[in-house]
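Enquirer: One structure coming up, written as structure tokens, with questions to follow.
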Protein chains: 2
Amino acid sequence: MSKEIHFNGFEMNTVSHINHGLWVHPDNRRHEYTDIEYWTETAQLLERGLFDAIFLADVVGTYDVYRGSRGPAVERGLQVPNNDPYLLVPAMAAVTRNLGFAVTFSTTYEPPFGNARRLSTLDHLTKGRVAWNVVTGYLPDAARNFGLPAHIKHDDRYDIAEEYLDVSYKLWEGSWDDGAVVRDRERRVYTETDGVHEIGHAGRFFTVDGPHLSEPSLQRTPVIYQAGSSERGKDFAARHAEAVFVSSRTVQRVAADVRDLRERAEAAGRGRDAVKALASLNIVLGETEAEVARKVEEVVRLRDVEGHLVHFGGSSGIDVASLETDEYLQYVGRDHAQSMEAEFATGAGRKRAHELIDALADPRNDEFFIAGTPEQVADRIEEIVDATDVDGFNIVQFLSPGTFTDVVELLVPELQKRGRYRTAYSESERTLRERLFPGNGPLLPATHPGAAYRGAFRREEITV
Amino acid sequence: MSKEIHFNGFEMNTVSHINHGLWVHPDNRRHEYTDIEYWTETAQLLERGLFDAIFLADVVGTYDVYRGSRGPAVERGLQVPNNDPYLLVPAMAAVTRNLGFAVTFSTTYEPPFGNARRLSTLDHLTKGRVAWNVVTGYLPDAARNFGLPAHIKHDDRYDIAEEYLDVSYKLWEGSWDDGAVVRDRERRVYTETDGVHEIGHAGRFFTVDGPHLSEPSLQRTPVIYQAGSSERGKDFAARHAEAVFVSSRTVQRVAADVRDLRERAEAAGRGRDAVKALASLNIVLGETEAEVARKVEEVVRLRDVEGHLVHFGGSSGIDVASLETDEYLQYVGRDHAQSMEAEFATGAGRKRAHELIDALADPRNDEFFIAGTPEQVADRIEEIVDATDVDGFNIVQFLSPGTFTDVVELLVPELQKRGRYRTAYSESERTLRERLFPGNGPLLPATHPGAAYRGAFRREEITV
């Protein structure tokens with residue numbers, strides 16, 4: 001087997017995204033994240049490398065568990081300050097033709113009607129190149145920015161997310177019929193009124209009458225990305241997602257995640273291949289082993305261990321600073337945890353504080369860290385793909401845009417040589433959904449729950 | 001007196017914005033509003049014409065008063081379908097360096113925290129070229145898209161808007177101190193933590209802890225545009241706005257509006273010149289009188305009178321279709337009305353249905369419709385400016401982008417010849433605020449209520 005490997009560029013509209021401490025490197029342009037040129041140049045680079053998409057993470061709060069304060073995060077620029085991800089897309093779309101854009105937005109804080117319209121707008125402006133990474137939000141202080149009394153519990157967040165997607169599908173798939181927009185200049189009719197419908201949604205969390213304000217875009221529903229790792233999150237992903245970001249950090253566990261994902265997707269009636277599985281990948285490339293060694297030494301030396309503990313604190317709820325070094329980490333519950341639940345349940349997360357600190361101190365402890373010459377890295381990537389059945393990777397940057405530049409210039413040609421990477425974008429299939437699932441057209445497949453709303457509101461009483 | 005005249009291009013992310021019926025003209029590209037190229041080319045055109053800004057209107061509902069249905073609006077593409085305006089800005093910013101962007105957003109439907117972050121993001125990406133046109137929303141069915149039980153009453157909307165701005169100013173002006181972001185690579189400090197503050201807002205409508213997630217942008221608070229025409233709206237504008245869109249349609253009444261605005265701004269402690277007054281202007285230009293006559297004939301012939309009644313219905317609440325032609329229009333209250341209140345109060349609005357229909361049937365009935373050669377149009381514009389004291393105009397398009405093209409190529413050179421229009425953008429003052437108020441810097445002036453929050457949260461207990 002030799003399946004084609006897909007790359008996404010993993011980014012965030014902030015200073016320090018994942019590899020903390022590296023922003024101080026003289027060649028790192030991360031502090032230019034507020035400049036439009038940083039993004040347009042990055043997009044053009046990724047398009048040159050024939051990436052599927054740039055994947056933009058987001059949070060709307062701060063990491064404040066470590067030392068019980070957001071101070072350490074603020075000092076490091078650790079995902080704060082940050083800016084809105086959606087607004088980067090039109091700038092990047094203006095200078096590219098093929099690259100996709102996966103944007104993160106939480107279903108917990110802002111109403112679905114405005115978000116559905118924003119995503120339709122993006123899908124129009126990009127001519128069908130948009131994905132929505134659906135998250136429910138895991139930073140407690142985000143709730144306090146949106147007037148919510150307290151952080152909403154994990155399962156309640158998923159209940160909200162289910163209904164939020166339901167409303168969104170109704171707007172995207174059901175509100176405007178195919179062919180309603182006729183642009184008939186002779187008859188002076190832009191839209192046939194009997195093709196536009198209210199959705200009349202009245203649920204537990206949302207009441208949305210509609211109609212959707214946007215006419216149908218090429219994809220209608222953006223490609224759905226998701227990264228749920230709790231049981232509830234995995235079921236959610238299996239039901240809704242078309243691409244899933246698996247978060248485990250060993251080859252063995254990623255393989256199990258991917259197998260589980262495909263089984264759940266099949267159980268949800270969508271088929272094993274209805275979902276693309278993506279793992280995140282940290283790559284250091286050099287033309288020689290000496291160059292690789294030098295780059296790895298820099299990455300290790302500049303790495304900010306405390307920054308990684310800040311990040312761990314926000315996503316796990318565990319304040320390592322409050323523990324003795326030989327104390328065991330205690331699972332604090334799903335309201336924080338991303339992949340913590342499974343880790344602790346299996347005992348895999350049973351670590352003493354100093355073990356975690358040691359593990360975080362060096363990226364080489366991560367099985368998805370790969371350093372080497374193009375041949376070496378390509379070898380290892382092929383091994384991982386074959387061992388895990390992942391469809392592709394989110395490439396994380398150490399240096400921006402140095403990491404992406406190396407991948408585009410050194411690794412992509414090597415993978416192409418091996419028949420493992422596209423050599424051109426399809427000219428006939430230009431939407432992101434068709435990049436991921438060639439031959440199936442730009443719309444959601446019939447087995448996706450969103451497709452059920454096609455034609456669902458064609459009833460006299462709620463047509464305009 | 002010979003003051004310089006400012007132009008804004010008035011646009012909307014929709015098919016039929018203001019001059020209804022014209023989308024069917026073969027040279028009109030309005031139906032391309034979903035294409036990114038429509039917007040990038042329009043922005044480049046306006047920048048070539050040295051406009052201050054493109055002003056983007058918005059609604060988040062439909063016009064459904066006329067004939068008691070949204071059908072007539074849907075059929076005509078009359079502000080529906082429509083897409084989000086904010087998302088146009090980054091695309092246009094990517095291809096321009098000087099043009100400003102005034103975007104409309106209502107304070108009634110979505111929480112202030114997300115909006116403040118979006119506007120900060122835009123101000124960063126545009127390097128300080130953003131304005132926010134603050135509206136409260138006047139289409140009742142918008143409320144039903146956002147789960148609000150019913151349309152919120154006019155005065156309540158303004159109470160919400162006051163607090164909404166208050167929250168926004170706190171985030172923009174008070175949350176991050178000047179100099180907090182140090183980007184000190186030696187000390188590995190991106191932000192000094194004692195320069196970042198929670199705002200701890202707990203008001204009648206909103207609870208927002210903060211801190212703001214965006215670091216300060218060039219303008220911090222975007223330039224505030226407003227178009228209030230009720231008594232409450234005028235006071236709101238005098239307190240907050242830096243540019244006001246006056247909506248009256250006779251020279252005499254616009255002169256009174258401008259005088260009133262300056263008096264109110266002075267009463268609010270901001271000074272007579274703290275607010276720029278803009279009127280909307282419908283222009284038809286030709287190189288010869290014969291060409292002008294031909295273009296005017298087209299505009300009149302293609303005009304959709306019923307479309308104008310649909311628009312009038314949505315903004316006034318009056319369904320002309322339900323009236324006998326010799327019946328008088330009845331004021332239906334401020335919950336709909338924009339400028340209706342004053343018109344009816346003074347008797348100016350006391351019209352029979354057929355008089356309104358006749359007035360709407362022909363753009364030449366509007367004193368702010370000017371057709372002529374460049375010399376003739378420039379003459380009339382100078383007269384209007386001198387008679388009304390307006391600072392500039394929102395130019396409305398009949399044909400897109402034909403109207404802007406004519407203004408840029410024919411009218412601007414004529415006004416420049418007369419010393420009435422800039423001949424280049426300032427290279428040293430590049431923010432929108434400095435375009436409007438040269439010499440005062442990119443930030444809100446000290447007399448603006450938003451400026452009161454500078455340093456307001458520098459208290460130990462709510463610093464991070």
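Within each chain, counting starts at residue 1; across the structure tokens, chains are named A, B, ... in the order shown, with ligands numbered 1 upward in that order.
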Name the residues in contact with A:Asp235 at a cut-off of 12 Å, using only C-alpha atoms, excluding same-chain residues fewer than 2 positions from it; report them as an mmCIF file with N, CA and C atoms, in the first residue's frame.

Expert:
```cif
data_model
loop_
_atom_site.group_PDB
_atom_site.id
_atom_site.type_symbol
_atom_site.label_atom_id
_atom_site.label_comp_id
_atom_site.auth_asym_id
_atom_site.auth_seq_id
_atom_site.Cartn_x
_atom_site.Cartn_y
_atom_site.Cartn_z
ATOM 1 N N TYR A 158 -20.911 19.698 24.652
ATOM 2 C CA TYR A 158 -21.192 18.845 23.485
ATOM 3 C C TYR A 158 -22.669 18.838 23.118
ATOM 4 N N GLU A 162 -23.841 19.909 19.417
ATOM 5 C CA GLU A 162 -24.731 19.120 18.542
ATOM 6 C C GLU A 162 -25.825 20.010 17.959
ATOM 7 N N GLN A 226 -12.513 18.267 13.175
ATOM 8 C CA GLN A 226 -12.784 18.148 14.606
ATOM 9 C C GLN A 226 -11.609 17.464 15.275
ATOM 10 N N ALA A 227 -11.487 17.634 16.599
ATOM 11 C CA ALA A 227 -10.350 17.048 17.305
ATOM 12 C C ALA A 227 -10.751 16.439 18.632
ATOM 13 N N GLY A 228 -11.994 16.027 18.747
ATOM 14 C CA GLY A 228 -12.476 15.477 20.019
ATOM 15 C C GLY A 228 -11.706 14.227 20.422
ATOM 16 N N SER A 229 -11.340 14.131 21.707
ATOM 17 C CA SER A 229 -10.581 12.954 22.127
ATOM 18 C C SER A 229 -11.209 12.260 23.327
ATOM 19 N N SER A 230 -12.227 12.898 23.930
ATOM 20 C CA SER A 230 -12.985 12.188 24.968
ATOM 21 C C SER A 230 -13.922 11.209 24.255
ATOM 22 N N GLU A 231 -14.551 10.332 25.005
ATOM 23 C CA GLU A 231 -15.523 9.418 24.392
ATOM 24 C C GLU A 231 -16.595 10.219 23.652
ATOM 25 N N ARG A 232 -17.129 11.211 24.347
ATOM 26 C CA ARG A 232 -18.174 12.031 23.746
ATOM 27 C C ARG A 232 -17.651 12.741 22.505
ATOM 28 N N GLY A 233 -16.423 13.239 22.622
ATOM 29 C CA GLY A 233 -15.809 13.952 21.502
ATOM 30 C C GLY A 233 -15.583 13.045 20.314
ATOM 31 N N ALA A 237 -17.130 13.455 16.642
ATOM 32 C CA ALA A 237 -16.292 13.497 15.440
ATOM 33 C C ALA A 237 -16.740 12.450 14.427
ATOM 34 N N ALA A 238 -17.048 11.253 14.911
ATOM 35 C CA ALA A 238 -17.439 10.180 13.990
ATOM 36 C C ALA A 238 -18.733 10.521 13.266
ATOM 37 N N ARG A 239 -19.583 11.288 13.945
ATOM 38 C CA ARG A 239 -20.856 11.660 13.349
ATOM 39 C C ARG A 239 -20.705 12.824 12.373
ATOM 40 N N HIS A 240 -19.888 13.808 12.728
ATOM 41 C CA HIS A 240 -19.871 15.059 11.966
ATOM 42 C C HIS A 240 -18.612 15.302 11.136
ATOM 43 N N ALA A 241 -17.457 14.853 11.632
ATOM 44 C CA ALA A 241 -16.200 15.338 11.056
ATOM 45 C C ALA A 241 -15.878 14.685 9.725
ATOM 46 N N VAL A 244 -10.238 14.578 11.013
ATOM 47 C CA VAL A 244 -10.053 14.559 12.463
ATOM 48 C C VAL A 244 -8.568 14.626 12.791
ATOM 49 N N ASP A 260 -10.054 3.241 15.745
ATOM 50 C CA ASP A 260 -11.280 3.563 16.489
ATOM 51 C C ASP A 260 -12.147 4.566 15.721
ATOM 52 N N LEU A 261 -11.506 5.581 15.172
ATOM 53 C CA LEU A 261 -12.237 6.605 14.407
ATOM 54 C C LEU A 261 -12.972 5.966 13.228
ATOM 55 N N ARG A 262 -12.261 5.102 12.512
ATOM 56 C CA ARG A 262 -12.887 4.496 11.323
ATOM 57 C C ARG A 262 -14.048 3.582 11.729
ATOM 58 N N GLU A 263 -13.876 2.893 12.851
ATOM 59 C CA GLU A 263 -14.966 2.030 13.318
ATOM 60 C C GLU A 263 -16.190 2.854 13.724
ATOM 61 N N ARG A 264 -15.923 3.926 14.414
ATOM 62 C CA ARG A 264 -17.054 4.776 14.827
ATOM 63 C C ARG A 264 -17.745 5.398 13.613
ATOM 64 N N ALA A 265 -16.952 5.801 12.619
ATOM 65 C CA ALA A 265 -17.555 6.406 11.421
ATOM 66 C C ALA A 265 -18.421 5.377 10.703
ATOM 67 N N GLU A 266 -17.947 4.156 10.683
ATOM 68 C CA GLU A 266 -18.722 3.083 10.052
ATOM 69 C C GLU A 266 -20.009 2.833 10.845
ATOM 70 N N ALA A 267 -19.865 2.796 12.170
ATOM 71 C CA ALA A 267 -21.047 2.591 13.014
ATOM 72 C C ALA A 267 -22.060 3.716 12.838
ATOM 73 N N ALA A 268 -21.551 4.916 12.526
ATOM 74 C CA ALA A 268 -22.452 6.052 12.317
ATOM 75 C C ALA A 268 -23.045 6.041 10.907
#
```

Enquirer: Report the residues of stretch 237-287 of chain B whose backbone DSSP state falls under strand (DSSP E), written as a ChimeraX atom specification.

Expert: /B:243-246,276-285

Enquirer: Have a look at A:Ile384, A:Leu99, A:Trp23, A:Gly441 and name the one nearest to A:Gly49; count only C-alpha atoms.

Expert: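 The shortest atom-to-atom distance to A:Gly49 comes from A:Leu99.
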
Enquirer: Residues of chain B no more than 7 Å from chain A, counting only C-alpha atoms: send them over as a ChimeraX atom specification.

Expert: /B:24,34-36,69-71,74-77,80-84,87-88,90-91,94,110-111,113,117-118,121,124-125,144-147,185,188-193,206-210,213-215,464

Enquirer: Interatomic distance between atom CA of A:Ala451 and atom CA of A:Ser175?

Expert: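 Rounded to one decimal, the two atoms are 12.2 Å apart.
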
Enquirer: Please identify all polymer residues within 7 Å of stretch 164-168 of chain A, counting only C-alpha atoms, omitting same-chain residues fewer than 2 positions from it, and present them as a list in words.

Expert: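 Once the adjacent positions are removed, what remains is Thr107, Pro112, Ala116, Ile160, Ala161, Glu162, Lys170, Leu171, Trp172 and His201 of chain A.
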
Enquirer: Nearest to A:Gly286 among A:Gly402, A:His354, A:Val246, A:Arg301, with distances taken over only C-alpha atoms: which residue is it?

Expert: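 Of A:Gly402, A:His354, A:Val246, A:Arg301, the one nearest A:Gly286, counting only C-alpha atoms, is A:Gly402.
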
Enquirer: Find, counting only C-alpha atoms, the residue in B:Ile283, B:Ile395, B:Leu278, B:Ala361 that gets nearest to B:Gly9.

Expert: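 Using only C-alpha atoms, the shortest distance to B:Gly9 belongs to B:Ile395.
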
Enquirer: What does the structure give for the distance between atom CA of A:Asp366 and atom CA of A:Arg249, in Å to one decimal?

Expert: 6.3 Å

Enquirer: Would you list the contacts of B:Phe55 as a ChimeraX atom specification, taking every protein, DNA or RNA residue within 10 Å and counting only C-alpha atoms, but skipping same-chain residues closer than 5 positions in sequence?

Expert: /B:7-12,85,100-104,131-133,225,394-395

Enquirer: Please produce a file of the residues just selected, as a short mmCIF file (atom, residue, chain, number, x, y, z; two decimals), in the first residue's frame, where the atoms kept are N, CA, C and O atoms.

Expert:
```
data_model
loop_
_atom_site.label_atom_id
_atom_site.label_comp_id
_atom_site.auth_asym_id
_atom_site.auth_seq_id
_atom_site.Cartn_x
_atom_site.Cartn_y
_atom_site.Cartn_z
N PHE B 7 -14.26 61.72 0.15
CA PHE B 7 -15.15 60.73 -0.46
C PHE B 7 -15.00 59.37 0.23
O PHE B 7 -13.90 58.92 0.51
N ASN B 8 -16.15 58.75 0.49
CA ASN B 8 -16.22 57.34 0.86
C ASN B 8 -17.00 56.63 -0.24
O ASN B 8 -17.94 57.19 -0.79
N GLY B 9 -16.62 55.42 -0.55
CA GLY B 9 -17.41 54.61 -1.47
C GLY B 9 -18.42 53.82 -0.66
O GLY B 9 -18.03 53.08 0.25
N PHE B 10 -19.71 53.97 -0.97
CA PHE B 10 -20.76 53.31 -0.19
C PHE B 10 -21.09 51.98 -0.86
O PHE B 10 -21.46 51.95 -2.03
N GLU B 11 -20.93 50.90 -0.13
CA GLU B 11 -21.11 49.57 -0.71
C GLU B 11 -21.74 48.63 0.30
O GLU B 11 -21.89 48.98 1.48
N MET B 12 -22.10 47.48 -0.16
CA MET B 12 -22.68 46.45 0.71
C MET B 12 -22.42 45.10 0.07
O MET B 12 -22.43 44.99 -1.15
N PRO B 85 -19.78 41.67 6.07
CA PRO B 85 -18.89 42.73 5.55
C PRO B 85 -17.45 42.67 6.08
O PRO B 85 -16.52 43.02 5.35
N GLY B 100 -9.15 53.32 3.57
CA GLY B 100 -9.76 52.92 4.83
C GLY B 100 -10.96 52.01 4.59
O GLY B 100 -11.45 51.88 3.46
N PHE B 101 -11.42 51.38 5.69
CA PHE B 101 -12.51 50.41 5.61
C PHE B 101 -13.48 50.66 6.77
O PHE B 101 -13.11 50.43 7.92
N ALA B 102 -14.67 51.14 6.45
CA ALA B 102 -15.67 51.37 7.50
C ALA B 102 -16.69 50.24 7.44
O ALA B 102 -17.39 50.10 6.43
N VAL B 103 -16.74 49.43 8.47
CA VAL B 103 -17.60 48.24 8.46
C VAL B 103 -18.73 48.37 9.48
O VAL B 103 -18.54 48.87 10.58
N THR B 104 -19.89 47.90 9.07
CA THR B 104 -21.09 48.02 9.89
C THR B 104 -21.26 46.78 10.75
O THR B 104 -21.09 45.66 10.28
N ALA B 131 -12.63 51.51 10.44
CA ALA B 131 -13.69 52.21 11.18
C ALA B 131 -14.83 51.24 11.43
O ALA B 131 -15.07 50.34 10.64
N TRP B 132 -15.51 51.45 12.53
CA TRP B 132 -16.70 50.66 12.85
C TRP B 132 -17.92 51.57 12.75
O TRP B 132 -18.03 52.55 13.48
N ASN B 133 -18.84 51.22 11.86
CA ASN B 133 -20.10 51.91 11.77
C ASN B 133 -21.06 51.25 12.75
O ASN B 133 -21.54 50.15 12.50
N TYR B 225 -17.93 55.38 13.26
CA TYR B 225 -18.92 55.97 12.37
C TYR B 225 -20.30 55.70 12.97
O TYR B 225 -20.50 54.69 13.67
N ASN B 394 -20.68 59.95 0.98
CA ASN B 394 -20.69 58.54 0.63
C ASN B 394 -21.23 58.44 -0.78
O ASN B 394 -22.40 58.76 -1.04
N ILE B 395 -20.39 57.99 -1.69
CA ILE B 395 -20.83 57.89 -3.08
C ILE B 395 -21.53 56.56 -3.30
O ILE B 395 -20.96 55.50 -3.03
#
```

Enquirer: Check the DSSP output for the backbone and give back, as an MDAnalysis selection string, the residues of stretch 313-436 of chain B in helix (DSSP H, G or I).

Expert: chainID B and resid 313:316 320:322 340:345 353:361 363:365 374:388 402:417 432:436
